[in-house]
>>> print(open('entry15.txt').read())   # compact mmCIF, C-alpha atoms and all ligand atoms
# COMPACT_ATOMS: atom_id res chain seq x y z
CA MET A 1 -32.54 -16.81 23.98
CA PRO A 2 -34.52 -19.84 22.85
CA TYR A 3 -32.81 -21.85 20.18
CA GLY A 4 -34.34 -25.27 20.11
CA PRO A 5 -33.65 -28.47 18.24
CA GLY A 6 -36.46 -27.51 15.86
CA HIS A 7 -33.89 -25.44 13.97
CA GLY A 8 -32.15 -28.64 12.89
CA THR A 9 -28.46 -29.33 12.96
CA VAL A 10 -27.51 -29.19 9.31
CA GLY A 11 -26.85 -26.22 7.09
CA ARG A 12 -24.78 -24.13 9.40
CA VAL A 13 -21.49 -24.39 7.59
CA ILE A 14 -19.77 -21.51 5.80
CA ASP A 15 -17.63 -22.78 2.94
CA ALA A 16 -15.26 -20.55 0.99
CA ASN A 17 -13.56 -21.96 -2.08
CA ASP A 18 -10.88 -19.99 -3.90
CA LEU A 19 -12.84 -16.90 -2.87
CA THR A 20 -11.36 -13.81 -4.52
CA LYS A 21 -12.23 -10.12 -4.63
CA ARG A 22 -10.42 -7.54 -6.71
CA TYR A 23 -10.90 -3.78 -6.66
CA GLY A 24 -9.06 -2.55 -9.76
CA ALA A 25 -5.41 -3.38 -9.19
CA THR A 26 -5.99 -4.29 -5.50
CA THR A 27 -6.65 -7.91 -4.66
CA ALA A 28 -8.51 -7.56 -1.34
CA VAL A 29 -9.22 -11.31 -1.00
CA ASP A 30 -6.96 -13.81 -2.72
CA ARG A 31 -8.17 -17.39 -3.35
CA LEU A 32 -9.35 -17.97 0.20
CA THR A 33 -10.45 -21.50 1.02
CA PHE A 34 -11.82 -22.28 4.48
CA THR A 35 -14.72 -23.87 6.33
CA VAL A 36 -16.44 -22.47 9.39
CA ARG A 37 -18.37 -25.04 11.39
CA PRO A 38 -21.07 -24.75 14.04
CA GLY A 39 -20.55 -25.42 17.72
CA HIS A 40 -17.59 -23.19 18.46
CA VAL A 41 -16.51 -19.60 18.09
CA THR A 42 -14.25 -19.08 15.08
CA GLY A 43 -11.93 -16.08 15.17
CA PHE A 44 -11.26 -14.39 11.82
CA LEU A 45 -7.93 -12.70 12.32
CA GLY A 46 -5.75 -10.48 10.21
CA PRO A 47 -3.95 -7.15 10.34
CA ASN A 48 -5.75 -4.00 9.15
CA GLY A 49 -6.58 -4.21 5.47
CA ALA A 50 -6.14 -8.00 5.35
CA GLY A 51 -9.53 -8.48 3.72
CA LYS A 52 -11.71 -9.53 6.66
CA SER A 53 -14.59 -7.11 6.08
CA THR A 54 -14.58 -7.81 2.35
CA THR A 55 -14.81 -11.55 3.06
CA LEU A 56 -17.67 -11.06 5.53
CA ARG A 57 -19.50 -8.89 3.00
CA MET A 58 -19.14 -11.63 0.38
CA ILE A 59 -20.48 -14.24 2.82
CA LEU A 60 -23.51 -11.98 3.25
CA GLY A 61 -23.85 -11.46 -0.49
CA LEU A 62 -23.29 -7.70 -0.14
CA ASN A 63 -20.20 -7.89 -2.34
CA GLU A 64 -19.97 -10.16 -5.35
CA PRO A 65 -16.82 -12.31 -5.56
CA SER A 66 -14.50 -11.70 -8.52
CA GLY A 67 -13.69 -15.41 -8.42
CA GLY A 68 -14.42 -18.55 -6.42
CA THR A 69 -17.46 -19.13 -4.23
CA VAL A 70 -18.67 -18.82 -0.69
CA THR A 71 -21.69 -20.75 0.46
CA VAL A 72 -23.75 -20.69 3.62
CA ASP A 73 -25.88 -23.73 4.15
CA GLY A 74 -24.59 -24.98 0.79
CA ARG A 75 -26.21 -22.09 -1.03
CA PRO A 76 -23.93 -19.90 -3.13
CA PHE A 77 -24.31 -16.19 -3.62
CA ARG A 78 -27.04 -15.52 -6.17
CA GLY A 79 -26.85 -11.78 -6.55
CA ARG A 80 -29.26 -11.10 -3.68
CA PRO A 81 -27.95 -10.15 -0.24
CA ARG A 82 -28.75 -12.54 2.55
CA GLY A 83 -31.07 -10.49 4.76
CA LEU A 84 -31.71 -10.77 8.47
CA ARG A 85 -33.72 -13.92 7.83
CA HIS A 86 -30.66 -15.88 6.70
CA VAL A 87 -27.49 -14.76 8.45
CA GLY A 88 -27.25 -12.52 11.51
CA ALA A 89 -24.52 -9.92 11.17
CA LEU A 90 -22.86 -6.97 12.83
CA LEU A 91 -20.79 -5.20 10.17
CA ASP A 92 -20.36 -1.59 11.29
CA ALA A 93 -21.66 -0.43 14.66
CA HIS A 94 -21.71 3.19 13.41
CA ASP A 95 -23.95 2.38 10.49
CA VAL A 96 -27.21 3.35 12.24
CA HIS A 97 -29.62 6.29 12.02
CA GLY A 98 -28.60 8.37 15.04
CA GLY A 99 -31.91 10.21 15.36
CA ARG A 100 -33.79 7.02 16.18
CA SER A 101 -34.05 5.19 19.48
CA ALA A 102 -32.56 1.71 19.83
CA ARG A 103 -36.07 0.30 20.09
CA SER A 104 -37.41 2.01 16.96
CA HIS A 105 -34.24 1.05 15.02
CA LEU A 106 -34.70 -2.62 15.91
CA SER A 107 -38.49 -2.46 15.41
CA ALA A 108 -38.02 -1.09 11.89
CA LEU A 109 -35.55 -3.89 11.09
CA ALA A 110 -37.85 -6.54 12.55
CA HIS A 111 -40.75 -5.17 10.52
CA SER A 112 -38.87 -4.93 7.20
CA ASN A 113 -37.49 -8.45 7.63
CA GLY A 114 -40.80 -9.98 8.69
CA LEU A 115 -39.50 -10.93 12.14
CA PRO A 116 -41.77 -11.15 15.20
CA ARG A 117 -42.00 -7.92 17.24
CA ARG A 118 -41.31 -9.74 20.49
CA ARG A 119 -37.73 -10.29 19.34
CA VAL A 120 -37.05 -6.55 19.78
CA GLY A 121 -37.65 -6.67 23.55
CA GLU A 122 -35.81 -9.98 23.85
CA VAL A 123 -32.62 -8.81 22.15
CA LEU A 124 -32.63 -5.46 24.00
CA GLU A 125 -32.70 -7.43 27.26
CA GLU A 126 -30.07 -9.83 25.95
CA VAL A 127 -27.53 -7.09 25.15
CA GLY A 128 -28.25 -4.99 28.26
CA LEU A 129 -29.82 -2.01 26.48
CA ALA A 130 -33.40 -2.42 27.77
CA THR A 131 -33.16 0.55 30.14
CA VAL A 132 -31.86 2.92 27.45
CA ALA A 133 -33.98 1.54 24.60
CA ARG A 134 -35.93 4.78 24.17
CA ARG A 135 -32.89 7.05 24.06
CA ARG A 136 -31.60 8.40 20.76
CA ILE A 137 -28.74 6.36 19.33
CA GLU A 138 -26.68 9.49 18.58
CA GLY A 139 -26.05 9.84 22.33
CA PHE A 140 -24.76 6.26 22.59
CA SER A 141 -21.12 5.48 23.37
CA LEU A 142 -19.22 3.20 20.96
CA GLY A 143 -19.70 0.35 23.45
CA MET A 144 -23.48 0.90 23.47
CA LYS A 145 -23.50 1.05 19.66
CA GLN A 146 -21.62 -2.26 19.58
CA ARG A 147 -24.27 -3.77 21.87
CA LEU A 148 -26.96 -2.43 19.54
CA GLY A 149 -25.13 -3.93 16.54
CA ILE A 150 -24.97 -7.27 18.35
CA ALA A 151 -28.72 -6.97 19.08
CA THR A 152 -29.28 -6.48 15.33
CA ALA A 153 -27.30 -9.62 14.55
CA LEU A 154 -29.35 -11.59 17.10
CA LEU A 155 -32.74 -10.28 15.95
CA GLY A 156 -33.44 -13.12 13.52
CA ASP A 157 -32.44 -15.86 16.03
CA LEU A 158 -30.38 -17.43 13.25
CA PRO A 159 -28.00 -20.38 13.08
CA VAL A 160 -25.18 -18.45 11.37
CA LEU A 161 -23.84 -15.26 12.98
CA LEU A 162 -21.07 -12.91 11.76
CA PHE A 163 -19.53 -10.15 13.85
CA ASP A 164 -16.99 -7.66 12.40
CA GLU A 165 -14.69 -6.31 15.15
CA PRO A 166 -17.42 -6.53 17.83
CA LEU A 167 -15.04 -5.93 20.74
CA ASN A 168 -14.02 -2.46 19.51
CA GLY A 169 -14.98 0.16 22.07
CA LEU A 170 -16.24 -2.24 24.71
CA ASP A 171 -15.03 -1.78 28.28
CA PRO A 172 -13.54 -4.81 30.11
CA GLU A 173 -16.93 -5.78 31.53
CA GLY A 174 -18.43 -5.54 28.04
CA VAL A 175 -15.65 -7.70 26.61
CA LEU A 176 -16.30 -10.40 29.22
CA TRP A 177 -20.01 -10.25 28.52
CA VAL A 178 -19.55 -10.55 24.77
CA ARG A 179 -17.18 -13.52 25.17
CA GLY A 180 -19.76 -15.31 27.32
CA LEU A 181 -22.49 -14.50 24.80
CA PHE A 182 -20.50 -15.82 21.81
CA ARG A 183 -19.62 -19.02 23.63
CA ARG A 184 -23.22 -19.60 24.58
CA LEU A 185 -24.43 -18.95 21.02
CA ALA A 186 -21.85 -21.46 19.75
CA ALA A 187 -22.76 -23.99 22.47
CA GLU A 188 -26.35 -23.75 21.24
CA GLY A 189 -25.10 -25.18 17.95
CA ARG A 190 -24.74 -21.97 15.97
CA THR A 191 -21.92 -21.00 13.65
CA VAL A 192 -20.22 -17.92 15.11
CA LEU A 193 -17.56 -16.08 13.08
CA VAL A 194 -15.90 -13.11 14.78
CA SER A 195 -13.33 -10.86 13.11
CA SER A 196 -10.54 -8.99 14.85
CA HIS A 197 -7.11 -7.56 14.11
CA LEU A 198 -5.90 -8.37 17.64
CA MET A 199 -4.87 -11.84 18.72
CA ARG A 200 -5.24 -10.87 22.38
CA GLU A 201 -8.96 -10.30 21.73
CA MET A 202 -9.38 -13.72 20.14
CA GLU A 203 -7.14 -15.63 22.53
CA HIS A 204 -9.91 -15.86 25.12
CA THR A 205 -12.84 -15.68 22.73
CA ALA A 206 -12.31 -18.20 19.91
CA GLN A 207 -11.62 -21.92 19.83
CA GLN A 208 -10.94 -22.03 16.09
CA LEU A 209 -8.94 -19.54 14.04
CA ILE A 210 -8.80 -18.43 10.44
CA VAL A 211 -5.81 -16.13 9.98
CA ILE A 212 -5.35 -14.07 6.81
CA GLY A 213 -2.80 -11.54 5.60
CA ARG A 214 -3.07 -9.45 2.42
CA GLY A 215 -6.15 -11.42 1.45
CA GLU A 216 -4.37 -14.79 1.63
CA LEU A 217 -4.93 -17.64 4.05
CA ILE A 218 -2.15 -18.00 6.61
CA ALA A 219 -3.71 -20.54 9.00
CA ALA A 220 -7.02 -22.33 9.58
CA GLU A 221 -6.83 -24.45 12.70
CA SER A 222 -7.71 -24.64 16.38
CA LEU A 223 -6.27 -22.09 18.79
CA ALA A 224 -4.27 -24.90 20.41
CA GLU A 225 -2.78 -25.96 17.05
CA PHE A 226 -1.95 -22.36 16.22
CA ALA A 227 -0.27 -21.91 19.59
CA ALA A 228 1.78 -25.09 19.18
CA ARG A 229 2.92 -24.17 15.67
CA GLY A 230 3.42 -20.46 16.07
CA THR A 231 5.02 -20.09 19.47
CA ARG A 232 8.67 -20.76 19.93
CA LEU A 233 10.49 -21.30 23.14
CA THR A 234 12.98 -18.72 24.33
CA VAL A 235 15.07 -18.80 27.50
CA THR A 236 15.99 -15.77 29.59
CA VAL A 237 19.44 -16.06 31.16
CA ARG A 238 21.14 -13.74 33.67
CA THR A 239 24.83 -14.07 34.34
CA PRO A 240 27.65 -11.73 35.41
CA GLU A 241 29.70 -13.36 32.61
CA ALA A 242 27.36 -12.61 29.69
CA ALA A 243 30.02 -12.25 27.00
CA ARG A 244 31.57 -15.65 27.80
CA LEU A 245 28.21 -17.43 27.96
CA MET A 246 27.13 -15.83 24.70
CA SER A 247 30.17 -17.13 22.89
CA VAL A 248 29.78 -20.64 24.40
CA LEU A 249 26.11 -20.83 23.39
CA ALA A 250 26.70 -19.33 19.95
CA GLU A 251 29.40 -21.94 19.31
CA GLU A 252 26.81 -24.64 20.08
CA GLY A 253 24.37 -23.15 17.55
CA ALA A 254 21.99 -21.11 19.75
CA ALA A 255 21.00 -17.53 18.90
CA VAL A 256 21.73 -15.18 21.79
CA ARG A 257 20.57 -11.58 22.11
CA GLY A 258 21.71 -9.19 24.84
CA GLU A 259 18.79 -7.24 26.38
CA SER A 260 18.90 -3.67 27.72
CA ASP A 261 18.24 -4.91 31.29
CA GLY A 262 21.45 -6.96 31.19
CA SER A 263 19.78 -10.34 30.60
CA CYS A 264 20.26 -12.54 27.51
CA THR A 265 17.48 -14.06 25.40
CA VAL A 266 18.42 -17.44 23.95
CA THR A 267 16.52 -19.13 21.12
CA GLY A 268 17.14 -22.50 19.55
CA MET A 269 18.31 -24.23 22.74
CA GLY A 270 16.48 -25.55 25.81
CA ALA A 271 17.14 -24.44 29.39
CA ASP A 272 18.59 -27.90 30.33
CA ARG A 273 21.28 -27.68 27.66
CA ILE A 274 22.08 -24.04 28.49
CA GLY A 275 22.49 -24.95 32.19
CA GLU A 276 24.70 -27.91 31.30
CA LEU A 277 26.95 -25.82 29.03
CA ALA A 278 27.21 -23.05 31.64
CA PHE A 279 28.17 -25.62 34.30
CA ARG A 280 30.78 -27.27 32.08
CA ASN A 281 32.31 -23.90 31.20
CA ARG A 282 32.15 -22.68 34.83
CA VAL A 283 29.87 -19.76 33.97
CA LEU A 284 27.86 -18.56 36.98
CA LEU A 285 24.11 -18.23 36.31
CA HIS A 286 21.73 -16.01 38.30
CA GLU A 287 18.64 -16.86 36.29
CA LEU A 288 17.58 -19.49 33.74
CA SER A 289 13.89 -19.10 32.76
CA PRO A 290 12.19 -20.82 29.81
CA ARG A 291 9.45 -18.69 28.28
CA SER A 292 6.88 -19.34 25.53
CA ALA A 293 6.28 -16.57 23.04
CA SER A 294 2.75 -15.21 23.50
CA LEU A 295 0.05 -15.94 20.95
CA GLU A 296 0.17 -12.25 20.06
CA GLU A 297 3.86 -12.59 19.20
CA ALA A 298 3.14 -15.73 17.19
CA PHE A 299 0.38 -13.96 15.28
CA MET A 300 2.58 -10.94 14.60
CA GLY A 301 5.40 -13.21 13.46
CA LEU A 302 3.14 -15.10 11.04
CA THR A 303 1.55 -11.97 9.59
CA ALA A 304 4.63 -9.71 9.65
CA ASP A 305 5.06 -9.90 5.88
CA SER A 306 1.47 -8.94 5.24
CA VAL A 307 1.06 -5.87 7.41
CA GLU A 308 0.06 -2.87 5.26
CA TYR A 309 1.23 -0.19 7.68
CA SER A 310 3.71 -0.80 10.44
CA ALA A 311 5.44 1.38 13.00
CA GLY A 312 8.28 3.25 11.35
CA ASP A 313 6.64 3.36 7.92
CA ALA A 314 7.25 6.82 6.47
CA ARG A 315 3.69 7.08 5.14
N1 LIG A 401 -14.73 -0.70 -1.94
C1 LIG A 401 -13.41 -0.79 -2.04
N2 LIG A 401 -12.74 -0.25 -3.07
C2 LIG A 401 -11.41 -0.36 -3.20
N3 LIG A 401 -10.62 -1.02 -2.32
C3 LIG A 401 -11.22 -1.59 -1.27
C4 LIG A 401 -12.63 -1.52 -1.06
N4 LIG A 401 -12.94 -2.19 0.07
C5 LIG A 401 -11.77 -2.65 0.55
N5 LIG A 401 -10.74 -2.31 -0.24
C6 LIG A 401 -9.32 -2.67 -0.04
O1 LIG A 401 -9.27 -4.06 0.16
C7 LIG A 401 -8.34 -4.40 1.16
C8 LIG A 401 -9.02 -5.19 2.26
O2 LIG A 401 -9.91 -4.35 2.96
P1 LIG A 401 -10.84 -4.88 4.15
O3 LIG A 401 -11.62 -3.70 4.66
O4 LIG A 401 -11.62 -6.05 3.70
O5 LIG A 401 -9.78 -5.33 5.23
P2 LIG A 401 -9.97 -5.65 6.78
O6 LIG A 401 -9.16 -6.85 7.06
O7 LIG A 401 -11.41 -5.70 7.10
O8 LIG A 401 -9.27 -4.41 7.43
P3 LIG A 401 -9.74 -3.44 8.62
O9 LIG A 401 -9.58 -4.22 9.88
O10 LIG A 401 -8.76 -2.30 8.49
O11 LIG A 401 -11.16 -3.05 8.27
C9 LIG A 401 -7.71 -3.09 1.62
O12 LIG A 401 -6.50 -2.89 0.92
C10 LIG A 401 -8.73 -2.06 1.22
O13 LIG A 401 -8.13 -0.81 1.00
>>> encode(input="entry15.txt", output="structure tokens")
Amino acid sequence: MPYGPGHGTVGRVIDANDLTKRYGATTAVDRLTFTVRPGHVTGFLGPNGAGKSTTLRMILGLNEPSGGTVTVDGRPFRGRPRGLRHVGALLDAHDVHGGRSARSHLSALAHSNGLPRRRVGEVLEEVGLATVARRRIEGFSLGMKQRLGIATALLGDLPVLLFDEPLNGLDPEGVLWVRGLFRRLAAEGRTVLVSSHLMREMEHTAQQLIVIGRGELIAAESLAEFAARGTRLTVTVRTPEAARLMSVLAEEGAAVRGESDGSCTVTGMGADRIGELAFRNRVLLHELSPRSASLEEAFMGLTADSVEYSAGDAR
């Protein structure tokens, strides 16, 4: 897709300041402050109900903040939604008229937003729906609807793009395609904000992260910074003398957990020190493997207190 220097390089920043949204007694978004910059993909992460969609809707001006501000291009919300001429967005892939074809859906949007007709063909090609463009949308799979939603977001060829859970329903090939697309859009100098409730989806998609839980900011940093802060080293140890090793390590301040497969998981102590203590206490080791917690584990650890519904909840 053409996106030349004529579009300029300023005015692609999303700035939220103390952004708040209340629905009666529910605070969906709670004094969120963050900045989303152009040039890389920013993942907007949080468990279900964390307030991601509400935040995206406020960025678009579809919901009015109860407090604070959010600006795109320095312009605050002024009571009028930002249409397809200002910010490209995929909010809900199901929110389309099923009786229409993909082409007529996009043509109607292009017409009502004053966008050139040629964009319809271009975005259909871009998202891989050109060959099914005349089929009714109601026969589309969720993956095809996601592609159509992405086409809608791209229609205006805009510098700021928002995608709410765009990877939902895509097959592995579709996920790879969408990752490549987002990276290219960001490399072209656009601001790309992508929401998800799964770290494993963002791990290979985003370079920057904004993590929220129960409407509050938990982290706003690069993926590398998040990984360094959130992951903690554990060591897997196998020994025929587990009980003795556990007491030796516990005495030295490490936390040791026995696993169902007979191994021990040690936290709070490096593999070197564990090996040294085992040697000194003549404990035979069969395995000593350092292991970093996955980003998914780090994300779940950081948001554990803010999950609305978790396994085991009697709701
Ligand atoms: N129109 C509304 N009226 C009342 N409560 C709402 C409304 N919209 C959202 N909420 C509440 O606000 C909170 C945040 O919802 P939101 O949809 O923004 O979260 P989310 O992070 O996008 O979650 P999900 O991934 O499940 O869509 C939830 O507790 C939700 O029930």
>>> residues_near_point(input="entry15.txt", point="(-28.9, 2.7, 25.8)", cutoff="9 Å", atoms="all atoms listed in the file", output="list in words")
Ser101, Ala102, Gly128, Leu129, Ala130, Thr131, Val132, Ala133, Arg134, Arg135, Arg136, Ile137, Gly139, Phe140, Ser141, Met144, Lys145, Arg147 and Leu148 of chain A
>>> residues_near_ligand(input="entry15.txt", ligand="ligand LIG 401 (chain A)", cutoff="12 Å", atoms="all atoms listed in the file", output="ChimeraX atom specification")
/A:20-30,44-58,62-64,91-92,163-166,168,194-198,211-217,306-309
>>> closest_residue(input="entry15.txt", among="A:Val96, A:Leu155, A:Val248, A:Leu193", to="A:Gly114", atoms="all atoms listed in the file")
A:Leu155
>>> atom_distance(input="entry15.txt", atom1="atom CA of A:Gly68", atom2="atom CA of A:Ala16")
7.7 Å
>>> atom_distance(input="entry15.txt", atom1="atom CA of A:His94", atom2="atom CA of A:Gly149")
8.5 Å
>>> atom_distance(input="entry15.txt", atom1="atom CA of A:Pro116", atom2="atom CA of A:Gly174")
27.2 Å
>>> closest_residue(input="entry15.txt", among="A:Ala206, A:Val192, A:Gln146, A:Met300", to="A:Gly43", atoms="all atoms listed in the file")
A:Ala206
